[in-house]
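K.L.:
Here you go, final25.cif (mmCIF, C-alpha atoms):
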data_structure
loop_
_atom_site.label_atom_id
_atom_site.label_comp_id
_atom_site.auth_asym_id
_atom_site.auth_seq_id
_atom_site.Cartn_x
_atom_site.Cartn_y
_atom_site.Cartn_z
CA MET A 1 23.23 -45.38 -73.43
CA ASN A 2 23.45 -41.80 -74.35
CA GLU A 3 20.18 -41.02 -72.47
CA LYS A 4 21.42 -42.97 -69.43
CA SER A 5 24.58 -40.97 -69.43
CA THR A 6 22.58 -37.68 -69.54
CA SER A 7 20.30 -38.67 -66.64
CA ARG A 8 23.26 -39.74 -64.58
CA SER A 9 25.02 -36.50 -65.26
CA TRP A 10 21.91 -34.54 -64.24
CA ALA A 11 21.09 -36.51 -61.13
CA PHE A 12 22.78 -35.97 -57.81
CA SER A 13 23.49 -38.80 -55.57
CA PRO A 14 20.25 -40.01 -53.89
CA VAL A 15 21.87 -39.57 -50.47
CA ILE A 16 22.79 -35.96 -51.17
CA SER A 17 19.33 -35.19 -52.48
CA ALA A 18 17.81 -36.84 -49.42
CA ILE A 19 20.02 -34.69 -47.20
CA ILE A 20 19.04 -31.57 -49.09
CA ILE A 21 15.33 -32.26 -48.95
CA SER A 22 15.64 -33.18 -45.29
CA ALA A 23 17.49 -29.95 -44.64
CA VAL A 24 14.74 -28.02 -46.38
CA VAL A 25 12.04 -29.83 -44.39
CA ILE A 26 13.96 -29.28 -41.15
CA SER A 27 14.54 -25.60 -41.94
CA ILE A 28 10.95 -24.86 -42.84
CA GLY A 29 9.61 -27.12 -40.08
CA GLY A 30 11.94 -25.54 -37.53
CA ALA A 31 10.86 -22.09 -38.56
CA ILE A 32 7.20 -23.08 -38.24
CA TRP A 33 7.95 -24.75 -34.93
CA ALA A 34 9.71 -21.67 -33.56
CA PHE A 35 6.99 -19.37 -34.86
CA SER A 36 4.16 -21.47 -33.48
CA GLN A 37 5.89 -21.90 -30.14
CA GLY A 38 6.38 -18.15 -29.81
CA THR A 39 2.86 -17.39 -30.95
CA MET A 40 1.29 -19.92 -28.69
CA THR A 41 3.35 -18.83 -25.70
CA ILE A 42 2.20 -15.27 -26.24
CA THR A 43 -1.38 -16.41 -26.79
CA ALA A 44 -1.31 -18.49 -23.63
CA GLU A 45 0.18 -15.64 -21.60
CA ASP A 46 -2.38 -13.18 -22.93
CA TYR A 47 -5.19 -15.56 -22.20
CA ALA A 48 -3.94 -16.28 -18.68
CA GLU A 49 -3.48 -12.58 -18.02
CA SER A 50 -6.96 -11.75 -19.24
CA VAL A 51 -8.41 -14.52 -17.09
CA ILE A 52 -6.46 -13.23 -14.07
CA ASN A 53 -7.74 -9.71 -14.74
CA MET A 54 -11.26 -11.03 -15.05
CA THR A 55 -10.81 -12.97 -11.81
CA ASP A 56 -9.56 -9.85 -10.06
CA THR A 57 -12.54 -7.94 -11.39
CA ILE A 58 -15.06 -10.41 -10.04
CA SER A 59 -13.06 -10.72 -6.81
CA GLU A 60 -13.51 -7.11 -5.84
CA ARG A 61 -15.61 -6.73 -2.71
CA PHE A 62 -16.05 -3.38 -1.05
CA ILE A 63 -18.67 -1.33 0.72
CA ILE A 64 -19.30 2.25 1.61
CA GLU A 65 -18.97 1.58 5.30
CA HIS A 66 -19.89 4.95 6.71
CA VAL A 67 -20.91 8.42 5.58
CA ALA A 68 -20.94 11.61 7.61
CA TYR A 69 -21.89 15.15 6.72
CA GLY A 70 -21.03 18.34 8.55
CA ASP A 71 -19.65 21.80 7.89
CA GLN A 72 -20.46 21.51 4.19
CA GLU A 73 -18.23 18.48 3.93
CA LEU A 74 -19.12 14.95 3.07
CA LYS A 75 -16.94 12.24 4.50
CA VAL A 76 -17.01 8.72 3.13
CA TRP A 77 -15.32 5.63 4.50
CA ILE A 78 -14.80 2.68 2.19
CA TYR A 79 -13.93 -0.82 3.32
CA ASN A 80 -12.28 -3.28 0.96
CA TYR A 81 -13.12 -6.71 2.32
CA GLY A 82 -12.10 -8.57 -0.82
CA ASP A 83 -8.87 -10.36 -1.66
CA VAL A 84 -7.56 -7.87 -4.20
CA ASP A 85 -6.34 -4.31 -3.94
CA ILE A 86 -8.70 -1.76 -5.41
CA GLU A 87 -8.56 1.78 -6.71
CA VAL A 88 -11.67 3.74 -5.99
CA LYS A 89 -13.49 7.03 -6.50
CA ILE A 90 -16.92 8.21 -5.42
CA GLN A 91 -19.64 10.03 -7.24
CA VAL A 92 -22.25 12.20 -5.54
CA GLY A 93 -24.62 13.76 -8.00
CA SER A 94 -22.41 15.07 -10.76
CA PHE A 95 -19.35 15.33 -8.53
CA ILE A 96 -16.66 12.71 -8.94
CA HIS A 97 -14.21 12.69 -6.09
CA PRO A 98 -11.25 12.68 -5.67
CA GLU A 99 -9.37 13.48 -8.85
CA ASP A 100 -6.91 10.61 -8.48
CA TRP A 101 -7.81 7.04 -7.77
CA VAL A 102 -7.49 6.08 -4.12
CA ASP A 103 -5.73 2.79 -3.43
CA ILE A 104 -7.22 0.50 -0.82
CA THR A 105 -5.30 -2.64 -0.04
CA GLU A 106 -7.11 -5.90 0.58
CA GLY A 107 -8.80 -5.90 3.98
CA GLY A 108 -8.12 -2.20 4.43
CA PHE A 109 -10.45 0.72 4.85
CA VAL A 110 -9.94 4.32 3.94
CA ALA A 111 -11.54 7.61 4.84
CA LEU A 112 -11.62 9.57 1.63
CA GLU A 113 -10.57 13.16 1.63
CA PRO A 114 -13.70 15.16 2.61
CA LEU A 115 -15.73 16.39 -0.32
CA SER A 116 -16.95 19.97 -0.23
CA TYR A 117 -20.64 19.58 -0.84
CA SER A 118 -23.67 21.68 -0.07
CA ALA A 119 -26.71 19.72 1.05
CA GLU A 120 -29.82 20.53 3.04
CA SER A 121 -30.98 18.71 6.11
CA GLY A 122 -33.15 15.75 5.17
CA GLU A 123 -31.83 15.64 1.64
CA GLU A 124 -31.25 12.20 0.21
CA LEU A 125 -27.85 11.59 -1.31
CA ILE A 126 -27.07 8.63 -3.49
CA ILE A 127 -23.38 7.94 -3.23
CA ARG A 128 -21.73 5.68 -5.77
CA ALA A 129 -18.30 4.22 -5.21
CA HIS A 130 -16.67 2.80 -8.30
CA THR A 131 -13.38 1.12 -8.94
CA ARG A 132 -10.99 1.28 -11.83
CA ARG A 133 -12.19 -2.20 -12.77
CA GLU A 134 -15.68 -0.72 -13.07
CA ASN A 135 -17.41 -2.31 -10.12
CA ASN A 136 -19.95 -0.17 -8.28
CA VAL A 137 -21.56 0.00 -4.88
CA TYR A 138 -24.23 2.44 -3.81
CA TYR A 139 -25.16 4.03 -0.51
CA ARG A 140 -28.26 5.99 0.33
CA TYR A 141 -27.60 8.73 2.85
CA PHE A 142 -30.00 11.19 4.45
CA VAL A 143 -28.33 14.40 5.48
CA PRO A 144 -28.96 14.91 9.20
CA MET B 145 17.05 -47.03 -58.92
CA SER B 146 15.70 -43.58 -59.55
CA THR B 147 12.18 -44.62 -58.39
CA ILE B 148 13.51 -46.13 -55.17
CA GLY B 149 15.52 -42.97 -54.49
CA THR B 150 12.49 -40.65 -54.81
CA SER B 151 10.39 -42.72 -52.49
CA PHE B 152 13.25 -42.80 -49.96
CA ARG B 153 13.51 -39.02 -50.10
CA ARG B 154 9.75 -38.63 -49.74
CA GLY B 155 9.72 -41.07 -46.85
CA THR B 156 12.43 -39.21 -45.02
CA SER B 157 10.64 -35.87 -45.52
CA THR B 158 7.35 -37.35 -44.37
CA ILE B 159 8.92 -38.74 -41.23
CA LEU B 160 10.68 -35.46 -40.51
CA GLY B 161 7.49 -33.48 -41.19
CA THR B 162 5.55 -35.77 -38.90
CA LEU B 163 8.18 -35.43 -36.18
CA ILE B 164 8.09 -31.66 -36.51
CA PHE B 165 4.30 -31.67 -36.34
CA ILE B 166 4.35 -33.85 -33.25
CA GLY B 167 7.05 -31.60 -31.78
CA ILE B 168 4.92 -28.54 -32.40
CA MET B 169 1.92 -30.26 -30.84
CA PHE B 170 3.83 -31.29 -27.70
CA THR B 171 5.93 -28.20 -27.19
CA ALA B 172 3.57 -25.43 -28.27
CA VAL B 173 -0.06 -26.37 -28.71
CA ILE B 174 -0.53 -28.72 -25.78
CA PRO B 175 1.32 -26.47 -23.28
CA MET B 176 -0.78 -23.55 -24.47
CA LEU B 177 -3.97 -25.52 -23.98
CA LEU B 178 -2.78 -26.63 -20.56
CA VAL B 179 -2.03 -23.06 -19.51
CA MET B 180 -5.45 -21.95 -20.72
CA ARG B 181 -7.12 -24.83 -18.95
CA GLN B 182 -5.22 -24.06 -15.77
CA ALA B 183 -6.26 -20.40 -15.94
CA ASP B 184 -9.87 -21.42 -16.46
CA THR B 185 -9.66 -23.81 -13.53
CA LEU B 186 -8.25 -21.11 -11.26
CA HIS B 187 -10.99 -18.76 -12.42
CA GLU B 188 -13.67 -21.31 -11.65
CA MET B 189 -12.13 -22.03 -8.24
CA ARG B 190 -12.10 -18.32 -7.45
CA LYS B 191 -15.71 -17.98 -8.52
CA HIS B 192 -16.59 -20.85 -6.23
CA ASP B 193 -14.72 -19.24 -3.32
CA LEU B 194 -16.45 -15.93 -3.95
CA GLY B 195 -19.81 -17.68 -4.05
CA ILE B 196 -19.09 -19.14 -0.63
CA LEU B 197 -17.94 -15.75 0.67
CA ASP B 198 -21.12 -14.08 -0.57
CA GLN B 199 -23.25 -16.84 0.87
CA GLU B 200 -21.52 -16.57 4.25
CA LYS B 201 -21.94 -12.82 4.15
CA ALA B 202 -25.67 -13.27 3.65
CA MET B 203 -25.77 -15.76 6.52
CA GLU B 204 -24.24 -13.36 9.03
CA SER B 205 -26.75 -12.37 11.66
CA LEU B 206 -25.49 -10.18 14.47
CA CYS B 207 -27.40 -8.30 17.11
CA LEU B 208 -25.60 -5.43 18.76
CA TYR B 209 -26.94 -4.27 22.10
CA VAL B 210 -25.52 -1.18 23.68
CA CYS B 211 -26.43 0.01 27.15
CA PRO B 212 -24.90 2.27 29.78
CA GLN B 213 -23.64 0.48 32.87
CA GLU B 214 -25.56 2.92 35.09
CA PRO B 215 -28.37 5.35 34.24
CA SER B 216 -25.97 8.29 34.32
CA SER B 217 -22.63 6.58 33.82
CA PRO B 218 -20.33 7.45 30.91
CA ASN B 219 -19.31 3.80 30.70
CA VAL B 220 -21.19 1.97 28.02
CA GLU B 221 -21.21 -1.74 27.46
CA ALA B 222 -21.75 -3.39 24.09
CA THR B 223 -22.91 -6.95 23.70
CA ILE B 224 -22.72 -8.64 20.33
CA ALA B 225 -24.83 -11.73 19.81
CA ASN B 226 -24.11 -13.92 16.82
CA ASN B 227 -27.43 -15.51 15.89
CA GLY B 228 -26.14 -16.93 12.63
CA GLU B 229 -24.49 -20.18 11.68
CA VAL B 230 -21.11 -18.82 10.67
CA LEU B 231 -18.22 -17.52 12.71
CA VAL B 232 -18.22 -13.75 12.59
CA ARG B 233 -15.20 -11.51 12.96
CA VAL B 234 -15.95 -7.96 14.06
CA VAL B 235 -13.32 -5.61 12.67
CA CYS B 236 -14.63 -2.19 13.56
CA LEU B 237 -16.87 -0.52 16.12
CA TRP B 238 -18.32 2.81 15.06
CA ILE B 239 -19.19 5.41 17.69
CA ASN B 240 -20.90 8.08 15.63
CA ASP B 241 -18.23 8.94 13.04
CA GLU B 242 -15.26 7.52 14.91
CA PRO B 243 -14.09 4.03 13.96
CA VAL B 244 -12.45 1.84 16.57
CA SER B 245 -10.52 -1.02 14.97
CA MET B 246 -10.72 -4.39 16.64
CA GLU B 247 -10.60 -8.05 15.82
CA ILE B 248 -13.11 -10.12 17.74
CA ASP B 249 -14.29 -13.54 16.70
CA ILE B 250 -17.77 -14.56 17.74
CA PRO B 251 -18.65 -18.23 17.24
CA PRO B 252 -22.11 -19.13 15.94
CA LEU B 253 -25.00 -18.87 18.39
CA SER B 254 -22.96 -17.19 21.07
CA GLU B 255 -22.37 -13.69 22.34
CA LYS B 256 -19.50 -11.53 23.49
CA VAL B 257 -19.46 -8.53 25.76
CA LEU B 258 -16.96 -5.90 24.71
CA ASP B 259 -14.90 -4.01 27.23
CA PRO B 260 -16.85 -0.97 28.39
CA PHE B 261 -15.99 2.23 26.59
CA VAL B 262 -16.37 5.78 27.81
CA LEU B 263 -18.58 8.33 26.10
CA ASP B 264 -18.68 12.07 26.61
CA LEU B 265 -21.73 13.06 28.59
CA PHE B 266 -23.48 16.29 27.82
CA GLU B 267 -27.12 17.18 27.50
CA GLY B 268 -28.49 16.23 24.12
CA ALA B 269 -25.59 13.93 23.25
CA GLU B 270 -26.51 11.23 20.76
CA TYR B 271 -24.49 8.13 20.02
CA ASP B 272 -25.06 5.93 17.02
CA ILE B 273 -23.15 2.69 17.60
CA ARG B 274 -22.60 0.09 14.90
CA VAL B 275 -20.19 -2.69 14.07
CA THR B 276 -18.61 -3.87 10.83
CA THR B 277 -17.68 -7.47 10.12
CA ASP B 278 -14.81 -8.70 7.99
CA ARG B 279 -17.31 -9.94 5.40
CA GLY B 280 -18.52 -6.40 4.85
CA ASN B 281 -21.73 -6.30 6.83
CA VAL B 282 -22.61 -3.35 9.04
CA PHE B 283 -24.95 -3.96 11.96
CA LEU B 284 -26.69 -1.16 13.83
CA SER B 285 -27.42 -1.16 17.52
CA GLU B 286 -30.68 -2.90 18.31
CA ASN B 287 -31.33 -0.26 20.97
CA GLY B 288 -31.25 2.50 18.42
CA ILE B 289 -29.42 5.75 19.07
CA LEU B 290 -28.34 6.36 22.67
CA ARG B 291 -29.39 9.76 24.00
CA TYR B 292 -28.16 11.51 27.08
CA GLU B 293 -30.46 14.04 28.68
CA GLU B 294 -30.20 16.26 31.71
CA ASP B 295 -31.21 13.51 34.11
CA GLY B 296 -29.16 10.73 32.54
CA TRP B 297 -29.40 8.30 29.68
CA GLU B 298 -32.74 8.06 27.99
CA MET B 299 -33.43 4.43 28.61
CA GLU B 300 -36.18 1.93 28.31
CA THR B 301 -38.76 1.49 31.05
CA PHE B 302 -38.21 -1.89 32.64
CA SER B 303 -41.26 -3.68 33.90
CA ILE B 304 -42.93 -6.89 34.94
CA ARG B 305 -46.21 -7.23 33.09
CA ILE B 306 -48.81 -9.27 34.89
CA PHE B 307 -51.74 -10.76 33.03
CA THR B 308 -54.69 -12.75 34.31
CA SER B 309 -56.92 -15.21 32.55
CA GLY B 310 -59.64 -12.66 31.79
CA PHE B 311 -61.37 -12.01 35.11
CA THR B 312 -60.52 -9.14 37.36
CA TRP B 313 -58.62 -10.23 40.42
CA HIS B 314 -57.56 -8.46 43.53
CA LEU B 315 -53.99 -9.59 43.85
CA HIS B 316 -51.23 -8.99 46.28
CA ILE B 317 -48.02 -8.45 44.36
CA THR B 318 -44.59 -8.45 45.87
CA VAL B 319 -41.36 -8.05 43.95
CA ASN B 320 -37.85 -8.47 45.30
CA ILE B 321 -34.64 -7.76 43.45
CA GLY B 322 -32.71 -10.96 42.75
CA ASP B 323 -34.36 -13.61 44.87
CA GLU B 324 -36.75 -13.70 47.82
CA THR B 325 -34.04 -12.49 50.16
CA GLY B 326 -33.30 -9.43 48.02
CA PRO B 327 -34.58 -5.90 48.64
CA LEU B 328 -38.36 -5.63 48.47
CA ILE B 329 -39.23 -3.04 45.86
CA TYR B 330 -42.96 -3.62 45.44
CA ASP B 331 -45.59 -4.71 47.90
CA GLU B 332 -49.14 -3.70 46.96
CA TRP B 333 -52.68 -4.96 46.49
CA GLU B 334 -53.85 -4.26 42.99
CA TRP B 335 -56.92 -4.96 40.86
CA VAL B 336 -55.67 -6.81 37.81
CA GLY B 337 -58.11 -7.23 34.95
CA LYS B 338 -58.07 -7.78 31.22
CA GLY B 339 -55.63 -4.97 30.67
CA GLY B 340 -53.12 -6.53 33.01
CA TYR B 341 -50.89 -4.65 35.37
CA GLU B 342 -47.38 -3.36 35.01
CA VAL B 343 -44.87 -3.17 37.82
CA VAL B 344 -42.06 -0.83 36.90
CA VAL B 345 -38.66 -1.99 38.10
CA PRO B 346 -35.40 -0.02 38.15
CA GLN B 347 -33.19 -2.13 35.93
CA PRO B 348 -32.97 -5.34 33.94
CA GLY B 349 -32.06 -8.55 35.71
CA ASP B 350 -33.64 -11.12 38.01
CA TYR B 351 -36.67 -10.43 40.19
CA TYR B 352 -38.49 -12.62 42.64
CA VAL B 353 -42.21 -12.25 42.05
CA LEU B 354 -44.82 -13.52 44.47
CA ILE B 355 -48.48 -13.05 43.66
CA THR B 356 -51.19 -14.13 46.07
CA TRP B 357 -54.87 -13.32 46.19
CA TRP B 358 -57.56 -12.58 48.70
CA ASP B 359 -55.54 -12.88 51.81
CA TRP B 360 -52.01 -13.41 53.00
CA GLY B 361 -52.74 -16.92 54.11
CA SER B 362 -53.66 -18.24 50.66
CA PRO B 363 -51.02 -20.07 48.67
CA GLY B 364 -49.19 -18.08 46.02
CA ILE B 365 -50.72 -18.31 42.58
CA PHE B 366 -47.43 -17.25 41.09
CA GLU B 367 -44.06 -17.56 42.71
CA ASP B 368 -40.92 -17.55 40.64
CA ILE B 369 -37.77 -15.69 39.71
CA VAL B 370 -38.23 -13.88 36.43
CA ASN B 371 -35.63 -12.22 34.29
CA ILE B 372 -35.73 -9.04 32.24
CA PRO B 373 -33.26 -9.88 29.48
CA TRP B 374 -32.61 -6.37 28.18
CA PRO B 375 -30.47 -5.46 26.25
CA ILE B 376 -30.31 -8.98 24.81
CA GLY B 377 -34.11 -9.12 24.82
CA ASP B 378 -37.18 -7.08 25.71
CA PRO B 379 -37.13 -4.57 28.55
CA TRP B 380 -40.08 -6.36 30.13
CA VAL B 381 -41.10 -9.82 31.19
CA TRP B 382 -44.55 -11.40 31.08
CA VAL B 383 -46.11 -13.06 34.08
CA PHE B 384 -49.33 -15.00 33.53
CA VAL B 385 -51.53 -15.90 36.50
#
Could you show the structure in this file as structure tokens?

P.N.:
Amino acid sequence: MNEKSTSRSWAFSPVISAIIISAVVISIGGAIWAFSQGTMTITAEDYAESVINMTDTISERFIIEHVAYGDQELKVWIYNYGDVDIEVKIQVGSFIHPEDWVDITEGGFVALEPLSYSAESGEELIIRAHTRRENNVYYRYFVP
Amino acid sequence: MSTIGTSFRRGTSTILGTLIFIGIMFTAVIPMLLVMRQADTLHEMRKHDLGILDQEKAMESLCLYVCPQEPSSPNVEATIANNGEVLVRVVCLWINDEPVSMEIDIPPLSEKVLDPFVLDLFEGAEYDIRVTTDRGNVFLSENGILRYEEDGWEMETFSIRIFTSGFTWHLHITVNIGDETGPLIYDEWEWVGKGGYEVVVPQPGDYYVLITWWDWGSPGIFEDIVNIPWPIGDPWVWVFV
């Protein structure tokens, strides 16, 4: 009788304890839910973005359409026939030109600013055009 | 009473935990997987499209023929023949280092003649003509570089090449421009042997060729209208007798 009285005095009502434990479960579960939702949203966005970037990288299509040399200047025309905008530079020997990336919109072509370059008649030039996404195309040009 | 209460509390927590787990699965994990799957699908579709684009680019087959309208005329005519199986869009015509933007569609196995364009004429002038397609191919002129010299454009020699079956024949060859009623430009007896004989004509086009032998009264051993297809084809035509 005495023991019964002690256990009764120590115990809360079963309903209250159920509410408390439920509140704890809901609190912790809600926190985990919120955390996992945020994490997974970020993960999904990062993944989608990386896939989109990768898709853009493999979607780049461009050519060195034409090259001309005269008066110690090398002129290069680049045609972007892909579906994404590109940023491009060229490399001739050790020269990388121009300093800033040149934007070429999809379907557009651009004559790069002439590069001051000294070459002899008959000399073979290997011209590399590369984009910010690290795609390359090459063009072999014989100086007239 | 106490035992029943504990199990009730555990049951409630289990149900709530399960609901939360299912909630997390349906509102976080599954959407994330769907987004990832969607991105992968788009990536694969793009790869497929690019594969088709690259394949079509490789299938493009254009022949560009450029020829002056007259031997000393500044007007030059360009003919583009699409010998491939895909529609080709020409986006640029290059005259030396000058691009001329255009947008011309050429269906498969057909050809288009561009409007004549004018070139500067001076002795020693050279013109390298090429075209660019929207799939990134550049095609050079099949005629090579056009050169203008003192006496006009440096052009091909157009001819009718006559071959016999091995023996040497004394043949009477007549050639008229167009058909048999056209101007007579060649009327000679010639010995034609293994090496054949070449009648030089002024320009490409149709010619009426009549070849007889021995005497005027004999029937013609060759009588037909032949065509020199340049610049679409060779600057000569074969005639076998």

K.L.:
Applying 8 Å and all atoms listed in the file, which residues near Ser59 of chain A remain after dropping the ones on its own chain fewer than 6 positions away? List them as a list in words.

P.N.:
Gly82, Asp83 and Val84 of chain A; Arg190, Lys191 and Leu194 of chain B

K.L.:
Write the selection just made, keeping C-alpha atoms, as a compact mmCIF listing (two decimals), in the frame of the given file?

P.N.:
# COMPACT_ATOMS: atom_id res chain seq x y z
CA GLY A 82 -12.10 -8.57 -0.82
CA ASP A 83 -8.87 -10.36 -1.66
CA VAL A 84 -7.56 -7.87 -4.20
CA ARG B 190 -12.10 -18.32 -7.45
CA LYS B 191 -15.71 -17.98 -8.52
CA LEU B 194 -16.45 -15.93 -3.95

K.L.:
Give as a PyMOL selection string the residues that the PyMOL selection byres ((chain B and resi 233) around 9) matches when applied to the coordinates above.

P.N.:
chain B and resi 231-232+234-235+247-251+276-279

K.L.:
Can you list every residue of segment 39-96 of chain A that has an atom at most 8 Å from segment 152-176 of chain B, with its nearest atom pair and the distance in Å to one decimal, using only C-alpha atoms, ordered by chain then number, as a Markdown table?

P.N.:
| residue | atom | partner | partner_atom | distance |
| --- | --- | --- | --- | --- |
| A:Met40 | CA | B:Met176 | CA | 5.9 |
| A:Thr41 | CA | B:Met176 | CA | 6.4 |
| A:Thr43 | CA | B:Met176 | CA | 7.5 |
| A:Ala44 | CA | B:Met176 | CA | 5.2 |

K.L.:
List the spatial neighbours of Trp374 of chain B as a ChimeraX atom specification - criterion: any atom at most 10 Å away, all atoms listed in the file, same-chain residues fewer than 3 positions off excluded.

P.N.:
/B:209-211,287,300,302,347-349,371,377-381

K.L.:
Please write as a PyMOL selection string the full residue list that the PyMOL selection byres ((chain A) within 7 of (chain B)) yields on this file.

P.N.:
chain A and resi 14+18+21-22+25+29+33+36-37+40-41+44+47-48+51+55+59+63+68+81

K.L.:
Please evaluate the PyMOL selection byres ((chain A and resi 133-143) around 12) against the displayed coordinates and give the resulting residues as a PyMOL selection string.

P.N.:
chain A and resi 53-80+84-93+101+117-132+144

K.L.:
Using Å and a single decimal, report how far atom CA of Ile273 of chain B sits from atom CA of Thr223 of chain B.

P.N.:
11.4 Å

K.L.:
Mind pulling up the distance from atom CA of Thr105 of chain A to atom CA of Glu45 of chain A?

P.N.:
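Atom CA of Glu45 of chain A sits 25.8 Å away from atom CA of Thr105 of chain A.
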
K.L.:
Could you tell me how far atom CA of Gly339 of chain B lies from atom CA of Thr301 of chain B, in Å and to one decimal?

P.N.:
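Distance reported for this atom pair: 18.1 Å.
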
K.L.:
Would you give the centre and edge lengths, in Å to one decimal, of a box along x, y and z around the listed atoms of segment 124-142 of chain A, with 8 Å added to each side, as lines of an AutoDock Vina configuration file?

P.N.:
center_x = -21.1
center_y = 4.9
center_z = -4.3
size_x = 36.3
size_y = 30.5
size_z = 33.5

K.L.:
Write segment 257-272 of chain B as a short mmCIF file (atom, residue, chain, number, x, y, z; two decimals), keeping the file's coordinate frame, completed to N, CA and C atoms.

P.N.:
data_model
loop_
_atom_site.label_atom_id
_atom_site.label_comp_id
_atom_site.auth_asym_id
_atom_site.auth_seq_id
_atom_site.Cartn_x
_atom_site.Cartn_y
_atom_site.Cartn_z
N VAL B 257 -19.31 -9.87 25.19
CA VAL B 257 -19.46 -8.53 25.76
C VAL B 257 -18.13 -7.80 25.58
N LEU B 258 -18.18 -6.66 24.93
CA LEU B 258 -16.96 -5.90 24.71
C LEU B 258 -16.59 -5.16 25.98
N ASP B 259 -15.32 -4.82 26.09
CA ASP B 259 -14.90 -4.01 27.23
C ASP B 259 -15.67 -2.69 27.20
N PRO B 260 -16.09 -2.23 28.39
CA PRO B 260 -16.85 -0.97 28.39
C PRO B 260 -16.03 0.17 27.81
N PHE B 261 -16.68 1.05 27.12
CA PHE B 261 -15.99 2.23 26.59
C PHE B 261 -16.67 3.48 27.13
N VAL B 262 -15.91 4.55 27.15
CA VAL B 262 -16.37 5.78 27.81
C VAL B 262 -16.86 6.77 26.75
N LEU B 263 -18.02 7.33 27.01
CA LEU B 263 -18.58 8.33 26.10
C LEU B 263 -18.65 9.68 26.81
N ASP B 264 -18.54 10.73 26.03
CA ASP B 264 -18.68 12.07 26.61
C ASP B 264 -20.13 12.32 26.96
N LEU B 265 -20.36 12.81 28.16
CA LEU B 265 -21.73 13.06 28.59
C LEU B 265 -22.02 14.56 28.57
N PHE B 266 -22.98 14.91 27.79
CA PHE B 266 -23.48 16.29 27.82
C PHE B 266 -24.93 16.23 27.36
N GLU B 267 -25.69 17.21 27.78
CA GLU B 267 -27.12 17.18 27.50
C GLU B 267 -27.36 17.20 25.98
N GLY B 268 -28.16 16.29 25.55
CA GLY B 268 -28.49 16.23 24.12
C GLY B 268 -27.52 15.38 23.31
N ALA B 269 -26.55 14.76 23.99
CA ALA B 269 -25.59 13.93 23.25
C ALA B 269 -26.30 12.71 22.65
N GLU B 270 -25.93 12.40 21.44
CA GLU B 270 -26.51 11.23 20.76
C GLU B 270 -25.37 10.34 20.27
N TYR B 271 -25.54 9.06 20.44
CA TYR B 271 -24.49 8.13 20.02
C TYR B 271 -25.11 7.02 19.16
N ASP B 272 -24.62 6.97 17.96
CA ASP B 272 -25.06 5.93 17.02
C ASP B 272 -23.93 4.90 16.97
#
